[in-house]
file run.pdb (PDB, C-alpha atoms, pLDDT in the B column)
ATOM      1  CA  MET A  56     -20.058  75.445  64.857  1.00 91.00           C
ATOM      2  CA  PHE A  57     -22.914  73.932  62.881  1.00 96.00           C
ATOM      3  CA  VAL A  58     -26.454  74.899  63.907  1.00 96.00           C
ATOM      4  CA  LEU A  59     -29.267  72.565  62.814  1.00 97.00           C
ATOM      5  CA  VAL A  60     -32.781  73.846  63.478  1.00 97.00           C
ATOM      6  CA  ASN A  61     -35.368  71.044  63.566  1.00 97.00           C
ATOM      7  CA  LEU A  62     -38.863  72.419  62.989  1.00 98.00           C
ATOM      8  CA  LYS A  63     -40.477  69.090  63.975  1.00 97.00           C
ATOM      9  CA  ALA A  64     -44.250  69.448  63.447  1.00 97.00           C
ATOM     10  CA  TYR A  65     -44.494  72.800  65.205  1.00 97.00           C
ATOM     11  CA  PRO A  66     -47.093  75.271  63.857  1.00 97.00           C
ATOM     12  CA  CYS A  67     -44.498  77.741  62.618  1.00 96.00           C
ATOM     13  CA  ASP A  68     -43.955  79.308  59.201  1.00 98.00           C
ATOM     14  CA  PRO A  69     -41.123  77.187  57.761  1.00 98.00           C
ATOM     15  CA  VAL A  70     -40.277  79.737  55.077  1.00 98.00           C
ATOM     16  CA  ALA A  71     -40.047  82.589  57.597  1.00 98.00           C
ATOM     17  CA  VAL A  72     -37.721  80.531  59.816  1.00 98.00           C
ATOM     18  CA  ALA A  73     -35.645  79.544  56.775  1.00 98.00           C
ATOM     19  CA  GLU A  74     -35.315  83.160  55.668  1.00 98.00           C
ATOM     20  CA  ALA A  75     -34.265  84.169  59.179  1.00 98.00           C
ATOM     21  CA  ALA A  76     -31.690  81.365  59.271  1.00 98.00           C
ATOM     22  CA  ARG A  77     -30.270  82.339  55.888  1.00 98.00           C
ATOM     23  CA  THR A  78     -30.033  86.000  56.898  1.00 97.00           C
ATOM     24  CA  VAL A  79     -28.249  85.244  60.183  1.00 97.00           C
ATOM     25  CA  ALA A  80     -25.962  82.661  58.574  1.00 97.00           C
ATOM     26  CA  ASP A  81     -24.912  85.118  55.867  1.00 96.00           C
ATOM     27  CA  ALA A  82     -24.453  88.001  58.293  1.00 96.00           C
ATOM     28  CA  HIS A  83     -22.309  86.069  60.775  1.00 95.00           C
ATOM     29  CA  GLY A  84     -20.590  83.490  58.586  1.00 95.00           C
ATOM     30  CA  VAL A  85     -22.107  80.650  60.604  1.00 96.00           C
ATOM     31  CA  ARG A  86     -23.375  77.417  59.070  1.00 97.00           C
ATOM     32  CA  ILE A  87     -27.094  77.151  59.850  1.00 98.00           C
ATOM     33  CA  ALA A  88     -29.444  74.525  58.422  1.00 98.00           C
ATOM     34  CA  VAL A  89     -33.207  74.040  58.758  1.00 98.00           C
ATOM     35  CA  ALA A  90     -35.017  70.680  58.860  1.00 98.00           C
ATOM     36  CA  PRO A  91     -38.704  71.201  57.997  1.00 98.00           C
ATOM     37  CA  GLN A  92     -41.517  68.741  57.436  1.00 98.00           C
ATOM     38  CA  ALA A  93     -40.942  66.698  54.258  1.00 97.00           C
ATOM     39  CA  ALA A  94     -43.787  68.504  52.483  1.00 97.00           C
ATOM     40  CA  HIS A  95     -42.030  71.836  53.041  1.00 98.00           C
ATOM     41  CA  ILE A  96     -38.507  70.875  51.966  1.00 98.00           C
ATOM     42  CA  ASP A  97     -38.802  72.434  48.511  1.00 98.00           C
ATOM     43  CA  ARG A  98     -40.165  75.727  49.857  1.00 98.00           C
ATOM     44  CA  VAL A  99     -37.452  75.942  52.514  1.00 98.00           C
ATOM     45  CA  ALA A 100     -34.697  75.036  50.050  1.00 98.00           C
ATOM     46  CA  ALA A 101     -35.935  77.774  47.701  1.00 98.00           C
ATOM     47  CA  THR A 102     -34.900  80.393  50.289  1.00 98.00           C
ATOM     48  CA  GLY A 103     -31.269  79.402  49.808  1.00 98.00           C
ATOM     49  CA  VAL A 104     -30.784  78.121  53.356  1.00 98.00           C
ATOM     50  CA  GLU A 105     -29.080  74.759  53.885  1.00 98.00           C
ATOM     51  CA  THR A 106     -31.995  72.327  54.093  1.00 98.00           C
ATOM     52  CA  TRP A 107     -32.186  68.955  55.828  1.00 98.00           C
ATOM     53  CA  ALA A 108     -34.813  66.232  56.058  1.00 98.00           C
ATOM     54  CA  GLN A 109     -36.047  65.178  59.476  1.00 98.00           C
ATOM     55  CA  HIS A 110     -35.808  61.511  58.466  1.00 98.00           C
ATOM     56  CA  VAL A 111     -35.272  59.162  55.554  1.00 98.00           C
ATOM     57  CA  ALA A 112     -36.368  55.553  55.453  1.00 98.00           C
ATOM     58  CA  PRO A 113     -34.067  52.555  54.985  1.00 98.00           C
ATOM     59  CA  VAL A 114     -35.650  51.731  51.612  1.00 97.00           C
ATOM     60  CA  ASP A 115     -34.833  51.909  47.911  1.00 96.00           C
ATOM     61  CA  HIS A 116     -37.219  52.690  45.055  1.00 97.00           C
ATOM     62  CA  GLY A 117     -40.165  50.307  45.089  1.00 97.00           C
ATOM     63  CA  SER A 118     -43.315  49.373  46.979  1.00 97.00           C
ATOM     64  CA  HIS A 119     -42.824  51.460  50.104  1.00 97.00           C
ATOM     65  CA  THR A 120     -45.965  53.539  50.632  1.00 97.00           C
ATOM     66  CA  GLY A 121     -45.614  56.169  53.345  1.00 95.00           C
ATOM     67  CA  HIS A 122     -41.820  56.000  53.556  1.00 96.00           C
ATOM     68  CA  ALA A 123     -39.533  59.011  53.083  1.00 97.00           C
ATOM     69  CA  LEU A 124     -37.362  58.017  50.115  1.00 98.00           C
ATOM     70  CA  ALA A 125     -33.881  59.523  50.320  1.00 98.00           C
ATOM     71  CA  GLU A 126     -33.825  60.352  46.606  1.00 98.00           C
ATOM     72  CA  ALA A 127     -37.168  62.153  46.916  1.00 98.00           C
ATOM     73  CA  VAL A 128     -36.026  64.468  49.702  1.00 98.00           C
ATOM     74  CA  ALA A 129     -32.788  65.136  47.816  1.00 98.00           C
ATOM     75  CA  ASP A 130     -34.760  65.984  44.666  1.00 98.00           C
ATOM     76  CA  ALA A 131     -36.836  68.405  46.775  1.00 98.00           C
ATOM     77  CA  GLY A 132     -33.678  70.264  47.822  1.00 98.00           C
ATOM     78  CA  ALA A 133     -32.451  68.583  51.005  1.00 98.00           C
ATOM     79  CA  THR A 134     -28.714  68.124  51.361  1.00 98.00           C
ATOM     80  CA  GLY A 135     -28.730  66.192  54.634  1.00 98.00           C
ATOM     81  CA  THR A 136     -30.918  64.218  56.996  1.00 98.00           C
ATOM     82  CA  LEU A 137     -31.387  63.542  60.675  1.00 98.00           C
ATOM     83  CA  LEU A 138     -31.730  59.884  61.642  1.00 98.00           C
ATOM     84  CA  ASN A 139     -32.879  58.133  64.824  1.00 97.00           C
ATOM     85  CA  HIS A 140     -34.174  61.225  66.607  1.00 95.00           C
ATOM     86  CA  SER A 141     -35.736  60.451  69.997  1.00 90.00           C
ATOM     87  CA  GLU A 142     -39.126  61.132  68.442  1.00 92.00           C
ATOM     88  CA  ARG A 143     -38.419  58.844  65.459  1.00 94.00           C
ATOM     89  CA  ARG A 144     -36.432  55.926  66.830  1.00 95.00           C
ATOM     90  CA  LEU A 145     -35.017  53.221  64.548  1.00 96.00           C
ATOM     91  CA  ARG A 146     -33.555  49.789  65.171  1.00 95.00           C
ATOM     92  CA  LEU A 147     -29.792  49.683  64.663  1.00 94.00           C
ATOM     93  CA  ALA A 148     -30.194  47.698  61.439  1.00 96.00           C
ATOM     94  CA  ASP A 149     -32.596  50.337  60.127  1.00 98.00           C
ATOM     95  CA  VAL A 150     -30.176  53.137  61.054  1.00 98.00           C
ATOM     96  CA  ASP A 151     -27.589  51.313  58.977  1.00 98.00           C
ATOM     97  CA  GLY A 152     -30.056  50.948  56.108  1.00 98.00           C
ATOM     98  CA  ALA A 153     -31.055  54.595  56.284  1.00 98.00           C
ATOM     99  CA  LEU A 154     -27.387  55.617  56.197  1.00 98.00           C
ATOM    100  CA  ASP A 155     -26.974  53.536  53.050  1.00 98.00           C
ATOM    101  CA  ALA A 156     -30.033  55.231  51.542  1.00 98.00           C
ATOM    102  CA  ALA A 157     -28.713  58.682  52.429  1.00 98.00           C
ATOM    103  CA  GLU A 158     -25.313  57.901  50.930  1.00 98.00           C
ATOM    104  CA  ARG A 159     -27.011  56.666  47.770  1.00 98.00           C
ATOM    105  CA  ALA A 160     -28.811  60.004  47.472  1.00 98.00           C
ATOM    106  CA  GLY A 161     -25.775  62.113  48.386  1.00 98.00           C
ATOM    107  CA  LEU A 162     -27.199  63.318  51.706  1.00 98.00           C
ATOM    108  CA  SER A 163     -25.105  64.266  54.738  1.00 98.00           C
ATOM    109  CA  THR A 164     -26.124  62.457  57.917  1.00 98.00           C
ATOM    110  CA  VAL A 165     -26.478  63.035  61.643  1.00 98.00           C
ATOM    111  CA  VAL A 166     -27.472  60.060  63.793  1.00 98.00           C
ATOM    112  CA  CYS A 167     -29.023  60.975  67.133  1.00 96.00           C
ATOM    113  CA  ALA A 168     -28.289  59.033  70.311  1.00 95.00           C
ATOM    114  CA  ASN A 169     -29.313  59.200  73.979  1.00 91.00           C
ATOM    115  CA  ASN A 170     -25.956  58.659  75.649  1.00 92.00           C
ATOM    116  CA  PRO A 171     -22.236  58.006  74.996  1.00 94.00           C
ATOM    117  CA  GLU A 172     -22.771  54.250  74.633  1.00 95.00           C
ATOM    118  CA  GLN A 173     -25.307  54.796  71.865  1.00 95.00           C
ATOM    119  CA  VAL A 174     -23.032  57.440  70.341  1.00 96.00           C
ATOM    120  CA  ALA A 175     -20.280  54.819  70.033  1.00 97.00           C
ATOM    121  CA  ALA A 176     -22.654  52.362  68.353  1.00 96.00           C
ATOM    122  CA  ALA A 177     -23.873  55.039  65.948  1.00 97.00           C
ATOM    123  CA  ALA A 178     -20.360  56.237  65.138  1.00 97.00           C
ATOM    124  CA  ALA A 179     -19.392  52.678  64.194  1.00 97.00           C
ATOM    125  CA  LEU A 180     -21.917  52.829  61.345  1.00 98.00           C
ATOM    126  CA  GLY A 181     -20.005  55.670  59.685  1.00 97.00           C
ATOM    127  CA  PRO A 182     -22.332  58.703  59.624  1.00 98.00           C
ATOM    128  CA  ASP A 183     -20.970  62.189  59.060  1.00 98.00           C
ATOM    129  CA  ALA A 184     -21.920  63.124  62.616  1.00 98.00           C
ATOM    130  CA  VAL A 185     -23.612  61.884  65.752  1.00 97.00           C
ATOM    131  CA  ALA A 186     -25.686  64.006  68.123  1.00 95.00           C
ATOM    132  CA  VAL A 187     -26.166  63.261  71.795  1.00 93.00           C
ATOM    133  CA  GLU A 188     -29.617  64.295  73.053  1.00 85.00           C
ATOM    134  CA  PRO A 189     -30.847  63.048  76.446  1.00 77.00           C
ATOM    135  CA  PRO A 190     -34.628  62.634  75.934  1.00 70.00           C
ATOM    136  CA  ALA A 191     -35.506  64.093  79.338  1.00 62.00           C
ATOM    137  CA  LEU A 192     -34.026  67.451  78.335  1.00 59.00           C
ATOM    138  CA  ILE A 193     -35.522  67.716  74.837  1.00 62.00           C
ATOM    139  CA  GLY A 194     -37.914  70.650  74.600  1.00 61.00           C
ATOM    140  CA  GLY A 195     -36.855  71.966  78.000  1.00 59.00           C
ATOM    141  CA  ASP A 196     -35.340  75.246  79.129  1.00 64.00           C
ATOM    142  CA  VAL A 197     -31.966  73.893  80.292  1.00 57.00           C
ATOM    143  CA  SER A 198     -29.276  72.930  77.801  1.00 66.00           C
ATOM    144  CA  VAL A 199     -27.638  69.517  78.013  1.00 67.00           C
ATOM    145  CA  ALA A 200     -24.286  71.329  78.078  1.00 65.00           C
ATOM    146  CA  THR A 201     -25.349  72.957  81.346  1.00 69.00           C
ATOM    147  CA  ALA A 202     -27.486  70.227  82.920  1.00 65.00           C
ATOM    148  CA  ASP A 203     -25.156  67.318  82.162  1.00 74.00           C
ATOM    149  CA  PRO A 204     -21.831  68.428  80.653  1.00 82.00           C
ATOM    150  CA  GLY A 205     -20.348  64.997  81.346  1.00 86.00           C
ATOM    151  CA  ILE A 206     -22.648  63.378  78.806  1.00 87.00           C
ATOM    152  CA  VAL A 207     -21.353  65.719  76.084  1.00 90.00           C
ATOM    153  CA  GLU A 208     -17.728  65.102  77.023  1.00 92.00           C
ATOM    154  CA  GLY A 209     -18.446  61.374  77.168  1.00 93.00           C
ATOM    155  CA  ALA A 210     -20.065  61.441  73.734  1.00 94.00           C
ATOM    156  CA  VAL A 211     -17.069  63.261  72.241  1.00 95.00           C
ATOM    157  CA  ALA A 212     -14.688  60.707  73.753  1.00 97.00           C
ATOM    158  CA  ALA A 213     -16.850  57.753  72.680  1.00 97.00           C
ATOM    159  CA  ALA A 214     -17.072  58.879  69.065  1.00 97.00           C
ATOM    160  CA  ASP A 215     -13.364  59.695  68.915  1.00 97.00           C
ATOM    161  CA  ALA A 216     -12.486  56.230  70.174  1.00 97.00           C
ATOM    162  CA  VAL A 217     -14.522  54.622  67.389  1.00 97.00           C
ATOM    163  CA  ASP A 218     -13.944  56.994  64.464  1.00 97.00           C
ATOM    164  CA  PRO A 219     -12.213  60.383  64.887  1.00 96.00           C
ATOM    165  CA  ASP A 220     -13.703  61.546  61.558  1.00 97.00           C
ATOM    166  CA  VAL A 221     -17.273  61.461  62.945  1.00 98.00           C
ATOM    167  CA  ALA A 222     -18.248  64.893  64.252  1.00 97.00           C
ATOM    168  CA  VAL A 223     -20.167  65.195  67.522  1.00 97.00           C
ATOM    169  CA  TYR A 224     -23.095  67.561  68.025  1.00 96.00           C
ATOM    170  CA  CYS A 225     -25.290  68.020  71.069  1.00 90.00           C
ATOM    171  CA  GLY A 226     -28.914  68.934  71.518  1.00 83.00           C
ATOM    172  CA  ALA A 227     -31.747  69.141  74.036  1.00 74.00           C
ATOM    173  CA  GLY A 228     -32.560  72.487  75.627  1.00 74.00           C
ATOM    174  CA  VAL A 229     -30.146  74.493  73.460  1.00 81.00           C
ATOM    175  CA  SER A 230     -31.461  78.007  72.851  1.00 79.00           C
ATOM    176  CA  THR A 231     -28.915  80.735  73.705  1.00 86.00           C
ATOM    177  CA  GLY A 232     -25.445  81.933  72.831  1.00 87.00           C
ATOM    178  CA  ASP A 233     -24.231  80.722  76.221  1.00 87.00           C
ATOM    179  CA  ASP A 234     -25.539  77.238  75.390  1.00 86.00           C
ATOM    180  CA  LEU A 235     -23.655  77.248  72.099  1.00 87.00           C
ATOM    181  CA  ALA A 236     -20.437  78.436  73.739  1.00 89.00           C
ATOM    182  CA  ALA A 237     -20.746  75.779  76.450  1.00 88.00           C
ATOM    183  CA  ALA A 238     -21.249  73.065  73.845  1.00 89.00           C
ATOM    184  CA  ALA A 239     -18.135  74.202  71.971  1.00 90.00           C
ATOM    185  CA  ASP A 240     -16.106  74.243  75.192  1.00 90.00           C
ATOM    186  CA  LEU A 241     -17.097  70.612  75.810  1.00 89.00           C
ATOM    187  CA  GLY A 242     -15.854  69.547  72.377  1.00 93.00           C
ATOM    188  CA  ALA A 243     -19.058  69.570  70.335  1.00 93.00           C
ATOM    189  CA  GLU A 244     -18.770  70.775  66.746  1.00 95.00           C
ATOM    190  CA  GLY A 245     -22.427  71.664  66.379  1.00 94.00           C
ATOM    191  CA  VAL A 246     -25.813  71.841  68.049  1.00 94.00           C
ATOM    192  CA  LEU A 247     -29.349  70.693  67.340  1.00 93.00           C
ATOM    193  CA  LEU A 248     -32.255  72.782  68.509  1.00 92.00           C
ATOM    194  CA  ALA A 249     -35.951  73.090  67.807  1.00 93.00           C
ATOM    195  CA  SER A 250     -38.351  74.962  70.085  1.00 90.00           C
ATOM    196  CA  GLY A 251     -35.867  77.760  70.847  1.00 91.00           C
ATOM    197  CA  VAL A 252     -36.253  78.932  67.243  1.00 95.00           C
ATOM    198  CA  ALA A 253     -39.402  77.256  65.908  1.00 95.00           C
ATOM    199  CA  LYS A 254     -41.527  78.571  68.807  1.00 94.00           C
ATOM    200  CA  ALA A 255     -39.842  81.981  69.005  1.00 94.00           C
ATOM    201  CA  ASP A 256     -41.912  85.095  68.312  1.00 95.00           C
ATOM    202  CA  ASP A 257     -38.890  86.447  66.434  1.00 97.00           C
ATOM    203  CA  PRO A 258     -36.782  83.641  64.889  1.00 96.00           C
ATOM    204  CA  THR A 259     -34.186  86.112  63.638  1.00 97.00           C
ATOM    205  CA  ALA A 260     -33.596  87.492  67.130  1.00 96.00           C
ATOM    206  CA  ALA A 261     -33.455  83.960  68.565  1.00 94.00           C
ATOM    207  CA  LEU A 262     -30.824  82.935  66.021  1.00 96.00           C
ATOM    208  CA  GLU A 263     -28.865  86.161  66.522  1.00 95.00           C
ATOM    209  CA  ASN A 264     -28.738  85.381  70.249  1.00 92.00           C
ATOM    210  CA  LEU A 265     -27.655  81.814  69.534  1.00 92.00           C
ATOM    211  CA  VAL A 266     -24.769  82.655  67.200  1.00 92.00           C
ATOM    212  CA  SER A 267     -23.509  85.293  69.639  1.00 87.00           C
ATOM    213  CA  GLY A 268     -21.846  82.325  71.346  1.00 66.00           C
ATOM    214  CA  VAL A 269     -19.687  81.510  68.327  1.00 74.00           C
TER
END
call {"tool": "encode", "arguments": {"input": "run.pdb", "output": "structure tokens"}}
result
Amino acid sequence: MFVLVNLKAYPCDPVAVAEAARTVADAHGVRIAVAPQAAHIDRVAATGVETWAQHVAPVDHGSHTGHALAEAVADAGATGTLLNHSERRLRLADVDGALDAAERAGLSTVVCANNPEQVAAAAALGPDAVAVEPPALIGGDVSVATADPGIVEGAVAAADAVDPDVAVYCGAGVSTGDDLAAAADLGAEGVLLASGVAKADDPTAALENLVSGV
């Protein structure tokens, strides 16, 4: 199982979370990545943890003030990027453009979607993975795998029907080892989470609890 921790814009110490993630990943042999703010990518990558960008723009080098250039985040140490998160929605054409930008920069990709229908559309664009995250459950205390297991199973089936090589992750409310185990049982190959680690008083303990479900 792949664990991707999105730090969003939470007031946490990105380096401390990254160090906790690296420690837990090394101790348990679990793949854990951290997606910090763009300005913190280099500091997080310096810890040795797998580092992702929260977004890249569908642009190439040029006159694009304020856009996150894929090559720039890769140069800072990111090896992957989230795209189309519920808090950073893109039009389908821009998702496609951002995937092209990520491929150009050698970044792995996860495209987020709200439901199985959107998962199918995202999978057709050829990302490395898609992640189903019902917006109503994001930031909550109940995992999507518990609150609506059918949406995870539906996402897995939808992606498989379009492109069996596209992995399926799930997110929204994921925070415990039981959540991770439930996601795996439903066919997900990874999970996205944020507040369960970024807002934790002890990120190491939170991640230890999470990977107990592997």
call {"tool": "resolve_selection", "arguments": {"input": "run.pdb", "expression": "the PyMOL selection byres ((chain A and resi 83) around 10)", "output": "short mmCIF file (atom, residue, chain, number, x, y, z; two decimals) with C-alpha atoms, keeping the file's coordinate frame"}}
result
data_model
loop_
_atom_site.label_atom_id
_atom_site.label_comp_id
_atom_site.auth_asym_id
_atom_site.auth_seq_id
_atom_site.Cartn_x
_atom_site.Cartn_y
_atom_site.Cartn_z
CA THR A 78 -30.03 86.00 56.90
CA VAL A 79 -28.25 85.24 60.18
CA ALA A 80 -25.96 82.66 58.57
CA ASP A 81 -24.91 85.12 55.87
CA ALA A 82 -24.45 88.00 58.29
CA GLY A 84 -20.59 83.49 58.59
CA VAL A 85 -22.11 80.65 60.60
CA ARG A 86 -23.38 77.42 59.07
CA GLU A 263 -28.86 86.16 66.52
CA VAL A 266 -24.77 82.66 67.20
CA SER A 267 -23.51 85.29 69.64
CA VAL A 269 -19.69 81.51 68.33
#
call {"tool": "axis_aligned_box", "arguments": {"input": "run.pdb", "around": "range 82-95 of chain A", "padding_each_side": "3 Å", "output": "lines of an AutoDock Vina configuration file"}}
result
center_x = -32.2
center_y = 77.3
center_z = 56.6
size_x = 29.2
size_y = 27.3
size_z = 14.3
call {"tool": "residues_around", "arguments": {"input": "run.pdb", "residues": "Ala127 in chain A", "least_positions_apart": "2", "cutoff": "12 Å", "atoms": "only C-alpha atoms", "output": "MDAnalysis selection string"}}
result
chainID A and resid 93:94 96:97 108 110:112 114:116 122:125 129:134 156:157 159:162
call {"tool": "closest_residue", "arguments": {"input": "run.pdb", "among": "A:Glu244, A:Asp215, A:Glu188, A:Asp220", "to": "Glu142 in chain A", "atoms": "only C-alpha atoms"}}
result
A:Glu188
call {"tool": "resolve_selection", "arguments": {"input": "run.pdb", "expression": "the PyMOL selection byres ((chain A and resi 137) around 8)", "output": "list in words"}}
result
Trp107, Ala108, Gln109, His110, Val111, Gly135, Thr136, Leu138, Asn139, His140, Thr164, Val165, Val166 and Cys167 of chain A
